Structure formats: structure tokens, C-alpha cells
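**Student:** Below is the file run.txt, which contains compact mmCIF, C-alpha atoms and all ligand atoms.
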# COMPACT_ATOMS: atom_id res chain seq x y z
CA GLN X 1 0.00 0.00 0.00
CA ASN X 2 2.80 2.43 0.88
CA GLN X 3 4.85 1.56 -2.18
CA HIS X 4 1.85 1.65 -4.49
CA PRO X 5 -0.57 4.10 -2.90
CA ILE X 6 -4.11 3.93 -4.23
CA LEU X 7 -5.54 7.28 -5.26
CA LEU X 8 -9.29 7.45 -5.81
CA VAL X 9 -10.16 10.35 -8.11
CA THR X 10 -13.86 11.11 -8.48
CA GLY X 11 -15.09 13.06 -11.50
CA GLY X 12 -11.88 12.23 -13.35
CA ALA X 13 -13.57 12.24 -16.76
CA GLY X 14 -14.37 15.95 -16.53
CA PHE X 15 -12.26 18.95 -17.38
CA ILE X 16 -10.00 19.39 -14.34
CA GLY X 17 -10.20 15.76 -13.18
CA SER X 18 -8.89 14.41 -16.50
CA ASN X 19 -6.08 16.97 -16.55
CA PHE X 20 -5.26 15.92 -12.98
CA ILE X 21 -5.11 12.22 -13.88
CA HIS X 22 -2.75 12.98 -16.80
CA TYR X 23 -0.61 15.03 -14.42
CA MET X 24 -0.53 12.43 -11.62
CA ILE X 25 0.19 9.43 -13.88
CA ALA X 26 3.27 11.22 -15.19
CA LYS X 27 4.34 12.65 -11.82
CA HIS X 28 3.79 9.58 -9.60
CA PRO X 29 4.38 6.43 -11.68
CA SER X 30 4.12 4.22 -8.57
CA TYR X 31 0.55 5.33 -7.80
CA LYS X 32 -2.51 3.32 -8.78
CA ILE X 33 -5.25 5.68 -9.88
CA ILE X 34 -8.92 4.75 -9.81
CA ASN X 35 -11.20 7.11 -11.67
CA LEU X 36 -14.82 6.95 -10.50
CA ASP X 37 -17.14 8.94 -12.73
CA SER X 38 -20.83 8.59 -13.54
CA LEU X 39 -20.27 10.10 -17.02
CA THR X 40 -22.86 12.86 -16.96
CA TYR X 41 -23.04 15.17 -19.98
CA ALA X 42 -19.72 16.64 -18.71
CA GLY X 43 -17.86 13.35 -18.34
CA ASN X 44 -15.91 12.27 -21.39
CA LEU X 45 -13.65 9.24 -21.63
CA ASP X 46 -12.08 10.71 -24.78
CA ASN X 47 -10.19 13.00 -22.37
CA LEU X 48 -8.28 9.94 -21.15
CA ARG X 49 -7.85 7.87 -24.32
CA ASN X 50 -4.05 7.65 -24.26
CA ILE X 51 -3.88 6.31 -20.70
CA GLU X 52 -6.76 3.82 -20.87
CA THR X 53 -4.38 0.89 -21.12
CA ASN X 54 -1.92 2.12 -18.48
CA LYS X 55 -1.60 -0.63 -15.86
CA ASN X 56 -1.75 1.95 -13.07
CA TYR X 57 -5.12 3.28 -14.18
CA LEU X 58 -8.61 1.89 -13.67
CA PHE X 59 -11.93 3.46 -14.68
CA ILE X 60 -15.13 2.66 -12.78
CA LYS X 61 -18.44 4.04 -14.00
CA GLY X 62 -20.52 4.98 -10.99
CA ASN X 63 -22.19 7.67 -8.94
CA ILE X 64 -20.63 9.17 -5.80
CA CYS X 65 -24.12 9.20 -4.23
CA ASP X 66 -24.27 5.38 -4.44
CA SER X 67 -23.12 4.45 -0.93
CA THR X 68 -23.14 0.69 -1.63
CA LEU X 69 -20.83 1.14 -4.60
CA ILE X 70 -18.55 3.50 -2.66
CA GLN X 71 -18.27 0.99 0.20
CA THR X 72 -17.47 -1.78 -2.27
CA ILE X 73 -14.72 0.32 -3.85
CA PHE X 74 -13.24 1.11 -0.43
CA ASN X 75 -13.39 -2.56 0.63
CA GLU X 76 -11.84 -3.77 -2.58
CA TYR X 77 -9.16 -1.14 -3.21
CA ASN X 78 -8.54 0.52 0.17
CA PRO X 79 -7.59 3.97 -1.15
CA LYS X 80 -5.01 5.99 0.72
CA TYR X 81 -6.07 9.25 -0.92
CA VAL X 82 -9.40 10.52 -2.23
CA VAL X 83 -9.56 13.64 -4.41
CA ASN X 84 -13.15 14.69 -5.05
CA PHE X 85 -13.72 16.55 -8.32
CA ALA X 86 -17.13 14.98 -9.02
CA ALA X 87 -19.68 17.74 -9.18
CA GLU X 88 -22.26 19.53 -11.18
CA SER X 89 -20.05 22.46 -12.09
CA HIS X 90 -21.98 24.94 -14.25
CA VAL X 91 -23.53 27.99 -12.59
CA ASP X 92 -26.08 28.55 -15.39
CA ARG X 93 -27.37 24.97 -15.12
CA SER X 94 -27.70 25.44 -11.34
CA ILE X 95 -30.06 28.35 -12.02
CA THR X 96 -32.33 26.27 -14.26
CA ASN X 97 -32.12 23.03 -12.26
CA PRO X 98 -30.75 23.36 -8.70
CA GLN X 99 -31.86 19.92 -7.41
CA ILE X 100 -29.10 17.81 -8.95
CA PHE X 101 -26.54 20.20 -7.45
CA LEU X 102 -27.76 19.31 -3.95
CA GLU X 103 -27.60 15.60 -4.74
CA THR X 104 -24.18 15.36 -6.35
CA ASN X 105 -22.32 18.20 -4.70
CA ILE X 106 -23.61 17.84 -1.13
CA GLU X 107 -24.95 14.30 -0.70
CA GLY X 108 -22.24 12.80 -2.89
CA THR X 109 -19.51 14.47 -0.85
CA GLN X 110 -21.09 13.24 2.38
CA VAL X 111 -21.25 9.66 1.05
CA LEU X 112 -17.53 9.78 0.22
CA LEU X 113 -16.70 11.27 3.62
CA ASP X 114 -18.68 8.54 5.34
CA ALA X 115 -16.68 5.85 3.54
CA CYS X 116 -13.45 7.57 4.67
CA ARG X 117 -14.76 7.73 8.22
CA HIS X 118 -15.41 3.98 8.34
CA HIS X 119 -12.31 2.85 6.46
CA TRP X 120 -9.82 5.21 8.02
CA ALA X 121 -10.89 4.57 11.61
CA THR X 122 -7.48 3.73 13.09
CA VAL X 123 -5.14 6.43 14.39
CA GLU X 124 -2.57 5.44 11.78
CA ARG X 125 -5.04 5.77 8.89
CA LYS X 126 -6.24 9.09 10.25
CA LEU X 127 -2.67 10.34 10.03
CA THR X 128 -1.63 8.85 6.72
CA SER X 129 -4.78 9.00 4.55
CA LYS X 130 -6.38 12.11 3.15
CA PHE X 131 -9.64 13.35 1.64
CA LEU X 132 -9.14 16.39 -0.57
CA GLN X 133 -12.19 18.40 -1.58
CA VAL X 134 -11.79 20.41 -4.76
CA SER X 135 -13.79 23.52 -4.01
CA THR X 136 -14.10 26.93 -5.56
CA ASP X 137 -13.59 30.63 -4.89
CA GLU X 138 -17.31 31.09 -5.63
CA VAL X 139 -18.15 29.99 -2.06
CA TYR X 140 -16.91 33.40 -0.90
CA GLY X 141 -19.53 35.25 -2.97
CA THR X 142 -18.56 38.39 -4.81
CA LEU X 143 -16.07 41.25 -4.42
CA GLY X 144 -16.30 44.95 -5.14
CA PRO X 145 -13.65 46.67 -7.27
CA THR X 146 -10.88 46.04 -4.72
CA GLY X 147 -9.80 43.35 -2.25
CA TYR X 148 -9.13 39.62 -2.39
CA PHE X 149 -10.65 36.43 -0.98
CA THR X 150 -8.50 34.93 1.77
CA GLU X 151 -9.16 31.64 3.56
CA ALA X 152 -10.68 33.74 6.39
CA THR X 153 -13.25 35.43 4.14
CA PRO X 154 -16.74 34.40 5.31
CA LEU X 155 -18.63 32.06 2.98
CA ALA X 156 -21.41 33.94 1.17
CA PRO X 157 -22.42 31.89 -1.87
CA ASN X 158 -24.81 33.54 -4.33
CA SER X 159 -25.75 30.81 -6.83
CA PRO X 160 -27.28 27.38 -6.21
CA TYR X 161 -23.98 25.96 -7.51
CA SER X 162 -21.81 27.88 -5.05
CA ALA X 163 -24.29 27.25 -2.21
CA SER X 164 -23.97 23.51 -2.82
CA LYS X 165 -20.16 23.73 -2.91
CA ALA X 166 -20.14 25.76 0.32
CA ALA X 167 -22.41 23.20 2.01
CA ALA X 168 -20.07 20.40 0.91
CA ASP X 169 -17.10 22.32 2.34
CA MET X 170 -18.91 22.53 5.67
CA PHE X 171 -19.40 18.75 5.69
CA VAL X 172 -15.71 18.23 4.98
CA ARG X 173 -14.83 20.52 7.87
CA ALA X 174 -17.32 18.77 10.17
CA TYR X 175 -16.00 15.29 9.37
CA HIS X 176 -12.51 16.47 10.26
CA GLU X 177 -13.60 18.10 13.53
CA THR X 178 -16.01 15.36 14.58
CA PHE X 179 -14.43 12.15 13.31
CA GLY X 180 -10.80 13.20 12.97
CA ILE X 181 -10.33 12.21 9.34
CA ASN X 182 -7.53 14.02 7.57
CA VAL X 183 -8.91 16.52 5.05
CA ASN X 184 -7.98 19.52 2.99
CA ILE X 185 -10.12 21.88 0.97
CA THR X 186 -8.71 23.77 -2.02
CA ARG X 187 -10.62 26.80 -3.30
CA CYS X 188 -9.51 27.66 -6.78
CA SER X 189 -10.41 30.42 -9.19
CA ASN X 190 -11.56 29.91 -12.80
CA ASN X 191 -9.53 27.33 -14.70
CA TYR X 192 -8.91 27.20 -18.46
CA GLY X 193 -7.05 24.79 -20.73
CA PRO X 194 -7.51 21.58 -22.77
CA TYR X 195 -10.65 19.40 -22.35
CA HIS X 196 -12.76 22.32 -21.07
CA PHE X 197 -16.43 21.67 -21.91
CA PRO X 198 -17.84 24.31 -24.30
CA GLU X 199 -20.65 25.44 -21.98
CA LYS X 200 -18.03 27.53 -20.09
CA LEU X 201 -16.94 30.98 -21.29
CA ILE X 202 -13.51 30.35 -22.87
CA PRO X 203 -14.25 27.14 -24.82
CA LEU X 204 -17.72 28.41 -25.77
CA ILE X 205 -16.25 31.58 -27.26
CA ILE X 206 -13.52 29.64 -29.11
CA SER X 207 -16.05 27.13 -30.43
CA ASN X 208 -18.58 29.77 -31.59
CA ALA X 209 -15.92 32.02 -33.10
CA LEU X 210 -14.58 29.10 -35.15
CA GLU X 211 -18.09 28.70 -36.59
CA ASP X 212 -18.63 32.48 -37.00
CA LYS X 213 -21.57 32.25 -34.57
CA ASP X 214 -22.69 35.00 -32.16
CA LEU X 215 -20.58 35.27 -29.02
CA PRO X 216 -22.96 35.70 -26.06
CA VAL X 217 -21.59 38.13 -23.45
CA TYR X 218 -23.69 38.43 -20.32
CA GLY X 219 -24.65 41.94 -19.13
CA ASP X 220 -22.00 44.56 -19.88
CA GLY X 221 -19.12 42.07 -20.10
CA MET X 222 -17.38 43.78 -17.19
CA ASN X 223 -17.62 40.93 -14.67
CA ILE X 224 -14.16 39.88 -13.57
CA ARG X 225 -12.72 36.40 -13.07
CA ASP X 226 -9.23 35.36 -11.94
CA TRP X 227 -8.02 32.83 -14.55
CA LEU X 228 -5.59 30.00 -13.82
CA TYR X 229 -4.14 27.50 -16.29
CA VAL X 230 -5.49 24.05 -15.36
CA GLU X 231 -2.09 22.38 -14.96
CA ASP X 232 -1.09 24.95 -12.33
CA HIS X 233 -4.24 23.97 -10.44
CA CYS X 234 -3.35 20.26 -10.75
CA ARG X 235 0.10 20.96 -9.32
CA ALA X 236 -1.46 22.81 -6.38
CA ILE X 237 -3.78 19.87 -5.64
CA ASP X 238 -0.86 17.41 -5.75
CA LEU X 239 1.07 19.61 -3.33
CA VAL X 240 -1.81 20.05 -0.90
CA LEU X 241 -2.55 16.31 -1.05
CA HIS X 242 0.98 15.48 0.08
CA GLU X 243 2.01 18.47 2.16
CA GLY X 244 -1.15 20.32 3.22
CA LYS X 245 -1.63 20.59 6.96
CA PRO X 246 -4.54 18.50 8.33
CA GLY X 247 -7.90 20.28 8.23
CA GLU X 248 -6.62 23.33 6.37
CA VAL X 249 -8.18 25.28 3.51
CA TYR X 250 -5.91 26.55 0.71
CA ASN X 251 -6.91 29.20 -1.80
CA VAL X 252 -5.46 28.75 -5.29
CA GLY X 253 -5.48 31.55 -7.84
CA GLY X 254 -3.74 33.01 -10.83
CA HIS X 255 -3.39 36.67 -9.84
CA ASN X 256 -4.78 37.18 -13.28
CA GLU X 257 -7.97 39.22 -13.21
CA LYS X 258 -9.67 39.83 -16.51
CA ALA X 259 -13.05 41.27 -17.50
CA ASN X 260 -15.03 38.81 -19.62
CA ILE X 261 -15.11 41.17 -22.59
CA GLU X 262 -11.30 41.40 -22.56
CA ILE X 263 -11.08 37.61 -22.85
CA VAL X 264 -13.61 37.52 -25.69
CA LYS X 265 -11.74 40.21 -27.64
CA LEU X 266 -8.42 38.47 -27.08
CA ILE X 267 -9.77 35.19 -28.46
CA LEU X 268 -11.20 37.00 -31.49
CA LYS X 269 -7.84 38.62 -32.16
CA GLU X 270 -5.98 35.31 -31.89
CA LEU X 271 -8.44 33.65 -34.29
CA ASN X 272 -8.48 36.64 -36.61
CA LYS X 273 -12.26 36.99 -36.35
CA PRO X 274 -14.27 40.25 -36.25
CA GLU X 275 -15.61 41.87 -33.06
CA THR X 276 -18.98 42.16 -34.81
CA LEU X 277 -19.58 38.56 -33.65
CA ILE X 278 -19.94 39.84 -30.06
CA LYS X 279 -23.54 39.89 -28.86
CA TYR X 280 -24.44 41.38 -25.49
CA VAL X 281 -27.23 39.26 -24.00
CA ALA X 282 -29.38 39.22 -20.84
CA ASP X 283 -27.30 38.98 -17.69
CA ARG X 284 -26.96 35.83 -15.54
CA LEU X 285 -29.26 35.98 -12.49
CA GLY X 286 -27.30 36.80 -9.33
CA HIS X 287 -24.17 37.27 -11.47
CA ASP X 288 -21.13 37.69 -9.19
CA LYS X 289 -19.25 40.83 -10.17
CA ARG X 290 -15.66 40.03 -9.33
CA TYR X 291 -13.54 37.17 -8.01
CA ALA X 292 -9.90 37.57 -6.99
CA ILE X 293 -7.86 35.17 -4.90
CA ASP X 294 -5.20 35.90 -2.33
CA ALA X 295 -3.01 32.81 -2.71
CA SER X 296 -0.32 33.83 -0.23
CA LYS X 297 -1.05 30.98 2.20
CA ILE X 298 -0.28 28.21 -0.30
CA LYS X 299 2.73 30.19 -1.52
CA ASN X 300 4.17 30.76 1.97
CA GLU X 301 3.37 27.32 3.40
CA LEU X 302 3.86 25.07 0.40
CA GLY X 303 5.83 27.16 -2.09
CA TRP X 304 3.15 27.05 -4.83
CA GLU X 305 2.90 29.79 -7.45
CA PRO X 306 1.30 29.87 -10.89
CA THR X 307 3.84 29.23 -13.64
CA VAL X 308 1.85 29.67 -16.85
CA MET X 309 1.35 33.28 -17.87
CA PHE X 310 -2.11 34.01 -19.27
CA ASP X 311 -0.92 35.16 -22.72
CA GLU X 312 0.97 31.92 -23.15
CA GLY X 313 -1.77 29.70 -21.63
CA ILE X 314 -4.61 31.13 -23.70
CA ARG X 315 -2.62 30.86 -26.96
CA TYR X 316 -1.78 27.25 -26.15
CA THR X 317 -5.44 26.57 -25.29
CA ILE X 318 -6.72 28.11 -28.53
CA ARG X 319 -4.19 26.06 -30.50
CA TRP X 320 -5.30 22.93 -28.64
CA TYR X 321 -8.91 23.50 -29.72
CA LEU X 322 -7.80 24.14 -33.31
CA GLU X 323 -5.91 20.86 -33.26
CA HIS X 324 -8.77 18.94 -31.61
CA THR X 325 -11.78 19.91 -33.69
CA GLY X 326 -12.86 16.24 -33.64
CA TRP X 327 -13.00 16.27 -29.82
CA LEU X 328 -15.00 19.52 -29.91
CA GLU X 329 -17.48 18.31 -32.53
CA LYS X 330 -18.09 15.10 -30.59
CA VAL X 331 -18.90 16.88 -27.32
CA LYS X 332 -21.28 19.22 -29.13
CA ASN X 333 -23.72 16.34 -29.43
CA GLY X 334 -27.50 16.23 -29.00
CA GLU X 335 -27.50 17.14 -25.30
CA TYR X 336 -25.25 20.13 -25.97
CA THR X 337 -27.30 21.37 -28.92
CA GLU X 338 -30.48 21.17 -26.84
CA TYR X 339 -28.82 22.93 -23.89
CA TYR X 340 -27.38 25.61 -26.14
CA SER X 341 -30.63 26.45 -27.86
CA LYS X 342 -32.52 26.56 -24.52
CA MET X 343 -29.88 28.84 -22.99
CA TYR X 344 -29.14 31.20 -25.82
CA THR X 345 -32.17 31.45 -28.10
CA LYS X 346 -34.04 34.66 -27.25
CA ARG X 347 -31.68 35.43 -24.36
P1 LIG A 401 -16.77 19.15 -15.05
O1 LIG A 401 -18.22 19.48 -15.07
O2 LIG A 401 -15.97 19.31 -16.30
O3 LIG A 401 -16.56 17.64 -14.57
C1 LIG A 401 -17.31 17.06 -13.56
C2 LIG A 401 -17.13 15.55 -13.65
O4 LIG A 401 -17.85 14.94 -12.55
C3 LIG A 401 -17.69 14.92 -14.93
O5 LIG A 401 -16.78 14.00 -15.46
C4 LIG A 401 -18.98 14.24 -14.46
O6 LIG A 401 -19.33 13.12 -15.25
C5 LIG A 401 -18.62 13.85 -13.05
N1 LIG A 401 -19.79 13.68 -12.18
C6 LIG A 401 -20.85 14.53 -12.06
N2 LIG A 401 -21.73 14.03 -11.18
C7 LIG A 401 -21.22 12.87 -10.71
C8 LIG A 401 -21.66 11.91 -9.77
N3 LIG A 401 -22.82 12.06 -9.12
N4 LIG A 401 -20.88 10.83 -9.53
C9 LIG A 401 -19.70 10.66 -10.19
N5 LIG A 401 -19.23 11.55 -11.10
C10 LIG A 401 -19.98 12.64 -11.35
O7 LIG A 401 -16.16 20.02 -13.86
P2 LIG A 401 -14.71 20.68 -13.71
O8 LIG A 401 -14.74 22.03 -14.31
O9 LIG A 401 -13.69 19.71 -14.12
O10 LIG A 401 -14.67 20.86 -12.12
C11 LIG A 401 -14.20 19.82 -11.28
C12 LIG A 401 -14.31 20.26 -9.83
O11 LIG A 401 -13.55 21.45 -9.63
C13 LIG A 401 -15.73 20.59 -9.39
O12 LIG A 401 -15.90 20.11 -8.09
C14 LIG A 401 -15.79 22.12 -9.41
O13 LIG A 401 -16.69 22.60 -8.45
C15 LIG A 401 -14.36 22.48 -9.07
N6 LIG A 401 -13.84 23.74 -9.59
C16 LIG A 401 -13.92 24.02 -10.94
C17 LIG A 401 -13.37 25.21 -11.43
C18 LIG A 401 -13.40 25.55 -12.90
O14 LIG A 401 -12.98 26.64 -13.28
N7 LIG A 401 -13.83 24.66 -13.78
C19 LIG A 401 -12.76 26.11 -10.56
C20 LIG A 401 -12.71 25.79 -9.18
C21 LIG A 401 -13.24 24.61 -8.73
O1 LIG A 402 -21.87 32.44 -22.58
C1 LIG A 402 -21.35 32.99 -21.58
N1 LIG A 402 -21.23 34.34 -21.55
C2 LIG A 402 -20.70 35.02 -20.49
O2 LIG A 402 -20.61 36.25 -20.50
C3 LIG A 402 -20.88 32.22 -20.45
C4 LIG A 402 -20.99 30.72 -20.43
C5 LIG A 402 -20.34 32.91 -19.39
N2 LIG A 402 -20.27 34.26 -19.39
C6 LIG A 402 -19.66 34.96 -18.23
C7 LIG A 402 -20.21 34.56 -16.87
C8 LIG A 402 -19.00 34.70 -15.96
O3 LIG A 402 -18.88 36.05 -15.52
O4 LIG A 402 -18.28 34.58 -18.21
C9 LIG A 402 -17.81 34.38 -16.86
C10 LIG A 402 -17.31 32.96 -16.72
O5 LIG A 402 -18.43 32.10 -16.79
P1 LIG A 402 -18.28 30.51 -16.66
O6 LIG A 402 -17.28 30.03 -17.66
O7 LIG A 402 -19.66 29.94 -16.68
O8 LIG A 402 -17.57 30.36 -15.23
P2 LIG A 402 -18.01 30.84 -13.76
O9 LIG A 402 -19.46 31.06 -13.66
O10 LIG A 402 -17.10 31.97 -13.39
O11 LIG A 402 -17.63 29.51 -12.92
C11 LIG A 402 -16.43 28.76 -13.21
O12 LIG A 402 -15.41 29.07 -12.28
C12 LIG A 402 -15.56 28.64 -10.95
C13 LIG A 402 -16.69 27.26 -13.15
O13 LIG A 402 -17.72 26.95 -14.08
C14 LIG A 402 -17.05 26.80 -11.77
O14 LIG A 402 -17.22 25.39 -11.74
C15 LIG A 402 -15.92 27.18 -10.85
O15 LIG A 402 -16.25 26.87 -9.53
Written as C-alpha cells, that's how I'd like the structure from this file.
Ligand code: NAD
Ligand code: TDX

**Tutor:**
Amino acid sequence: QNQHPILLVTGGAGFIGSNFIHYMIAKHPSYKIINLDSLTYAGNLDNLRNIETNKNYLFIKGNICDSTLIQTIFNEYNPKYVVNFAAESHVDRSITNPQIFLETNIEGTQVLLDACRHHWATVERKLTSKFLQVSTDEVYGTLGPTGYFTEATPLAPNSPYSASKAAADMFVRAYHETFGINVNITRCSNNYGPYHFPEKLIPLIISNALEDKDLPVYGDGMNIRDWLYVEDHCRAIDLVLHEGKPGEVYNVGGHNEKANIEIVKLILKELNKPETLIKYVADRLGHDKRYAIDASKIKNELGWEPTVMFDEGIRYTIRWYLEHTGWLEKVKNGEYTEYYSKMYTKR
């Protein structure tokens, strides 16, 4: 077990989870990685094609809310580490259908925590095993024109998505305080990079611009997000998993604040497409104005800093999409087309 630690990754077929599995397989060749994913619309095994046959990798299709399945996996594989990415992750979908966000994001997290509680009951396991919850800066709510979220910022979620992530964070905290299991929570800002599903701003804009379709910009386009290249996030998770202090929360961010409209114009410029494609549309309900992360704790305690500059990361990402038009076309299947027309027609 110590020589070949078992890492259970949930939601590993999604955007960040699949990038994380690629990262960990290369970084820790002695680890056995189990990817548990229910393959919702956002789960895509094409993200993992080149490692499918790796002997250190196993995929299990299943739901994190299924406590019987989770117990079976724990009994059979005895994971040392659990990293929970599995979630409903899109704010707009949480506005149209909040219920599934409660189920997956809150109940699912609690089911995983319960398995850890039962399987890591000895003092030794409490010290050597870890549950890492991949959370988000959105749990802190929204900022005015200045200031940053620190780990001490009170939670004030504004969307059903962020409310469900905040509730899950509270369960993680409670299981640490009450049952003594070793946990960390990471709260990261907006990620971008390969395998990002085209319901999210950056891949949606790239995908529409390539087809010369309207580029929907919510409100005045002046909402600000702090963008981080996905591999920098994966490196932060790896570091917190191995070196994070028990029970601690770590913010992760790019120090890279950009207004949405800036991003859209930059993508248009890179693709040599006209700004006339931009279409200002009705704003998102409860739209958070600005996110910005103070990542000094993870820098001072664990030595983590972002390494990919935005200009470089976004160019690489655009090139990736240009070189993976087959991947993009495949994910824009029936479900996506239906979602897209519901979301954007007459908006
Ligand atoms: P994603 O939507 O691309 O992927 C989610 C994955 O979870 C999919 O593969 C999906 O099939 C799987 N899944 C959903 N419900 C499940 C269930 N009940 N059981 C098992 N698997 C299930 O999301 P993402 O953007 O990769 O985000 C991953 C995690 O990181 C989420 O927890 C999200 O809250 C968090 N996060 C995301 C960002 C971001 O910018 N994307 C930033 C900070 C934090
Ligand atoms: O078509 C669009 N037009 C638009 O103007 C879309 C999809 C988005 N936007 C705006 C809304 C946001 O201000 O762009 C910004 C980014 O939107 P999203 O890509 O939907 O991301 P966001 O809502 O910021 O949330 C993301 O970052 C934090 C992830 O989806 C979350 O899972 C993560 O927790």
C-alpha cells in the first residue's frame, strides 16, 4: 500500500479531473489511480484515451451518491487518498435546475466522507490518509472593485452551484472536527485549458468564433474572473494532497484578473475573427461581479505559485482546440445542442 498508494479520483472524466489524472500518472508512476465517474453530460472518456491501457489506471463508471458502490470500492481497493472533483459544475445549469446540485455536490460528498470515516478509523489511517475536496472561490460570494478572498473570508455563496459547494465544504470541515479524518479543501479560481467543456466561457467563445456564430456576453461584459491555467491547479492539488496541513483550507489563484469582454476580444484577435460577432445578452441571475484570490497561504506554506502566464496559456489553449476539432465536434452532441438552444435562443 505504501509503495503503491491507491488514489481514488472522483469526476476524473471531466475537465480538471482528467487533466489531474494525466498530471498524476506522469508525476507519480508508482501510484494506482482509480477514476470513479458517472459520465454525466460533462464526463468524457475521450479526455483519457491515451492512458486507458496504463496498468496503473482503472476506470469505474458509478455515482458518488451510491453508498453501496462506494463501500465496495473502499473494501476492494482501500484507497489511501481521495480527491473529489465529481460535481455539477456549471452555474447557469444550477439556475435552471438546482436539485441535482444538492444531490451530487452535497450528498455525494457526504457519502464519500462517510466511507473515509469507516475505512480510516485507526489512528494510523487518520494520520496517513487524506480526503481532498476540490472547491471553488465562488463559495466566498462576490467582491467589489478592490480586495481579495483569503481563507478567512466568510462564505457567502450567491448561486445554487456555489451554495452547494459551500455546504459540501462545511461537511468536509465537520468530518474532520467530529471524526478526525484528515482533510484539505482547495478553493480555486476559474480554470482554463484543454478538455474544457464548451458550456463555459472560454471554450464556448472559441467554439462559436470558429463557426462564426454570435458570441454571447452576459450583461455589460465587465464581470471579472481570476483565470488560472489548469495544470497549475493540478500541481497545487498534488502539493496540498501530500504536504497540506490536516484540516486546512488553501486558496489557489492566478493573480490574473480579466473582464469577460477582454477575454472575448483576445480570443477573437488570436483567431483573426471580427468583433462584430460579439452579442451582449441578458445577464446571468445573481451574477457575481468580481472574483480575486489571495493565494499567499499556499505560496508561503507550500511554495506554490502559478507558472503559466495568461498570454501563453490562452494561446496554447486556442491552438489545442484548433488541433482537436474532432473532440469539440463530438462533445457538441444532441445534449449540448439542446442545452445551447434553450440557454441562448431569445436570451
Ligand atoms: P466538469 O463538469 O468538467 O466535470 C465534472 C465531472 O464529474 C464529470 O466528469 C462528471 O461526469 C462527473 N460527475 C458529475 N456528477 C457525478 C456523480 N454524481 N458521480 C460521479 N461523477 C460525477 O467540472 P470541472 O470544471 O472539471 O470541475 C471539477 C471540480 O472542480 C468541481 O468540483 C468544481 O466545483 C471544481 N472547480 C472548478 C473550477 C473551474 O474553473 N472549472 C474552478 C474551481 C473549482
Ligand atoms: O456564454 C457565456 N457568456 C458570459 O458572459 C458564459 C458561459 C459565461 N459568461 C460569463 C459569466 C462569468 O462572468 O463569463 C464568466 C465565466 O463564466 P463561466 O465560464 O460559466 O464560469 P463561472 O461562472 O465563473 O464559474 C467557473 O469558475 C468557478 C466554473 O464553471 C465553476 O465550476 C468554478 O467553480

**Student:** In Å to one decimal, how far is atom CA of His90 of chain X from atom CA of Leu241 of chain X?

**Tutor:**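 Going from atom CA of Leu241 of chain X over to atom CA of His90 of chain X covers 25.0 Å.
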
**Student:** For atom CA of Val249 of chain X and atom CA of Arg187 of chain X, quote the distance in Å rounded to one decimal.

**Tutor:**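 Computing it gives 7.4 Å between the two atoms.
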
**Student:** Skipping near chain neighbours, those fewer than 5 positions away, what residues fall within 8 Å of Tyr291 of chain X using all atoms listed in the file, listed as a VMD selection string?

**Tutor:** chain X and resid 137 to 138 142 to 143 148 to 149 189 224 to 226 257

**Student:** As an exercise, work out the distance from atom CA of Glu151 of chain X to atom CA of Asn251 of chain X in Å and give it to one decimal place.

**Tutor:**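 These atoms are spaced 6.3 Å apart.
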
**Student:** So, with only C-alpha atoms as the atoms that count, which of X:Ile33, X:Val230, X:Ala236, X:Val252 lies closest to Tyr77 of chain X?

**Tutor:**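 Among X:Ile33, X:Val230, X:Ala236, X:Val252, it is X:Ile33 that comes nearest to Tyr77 of chain X.
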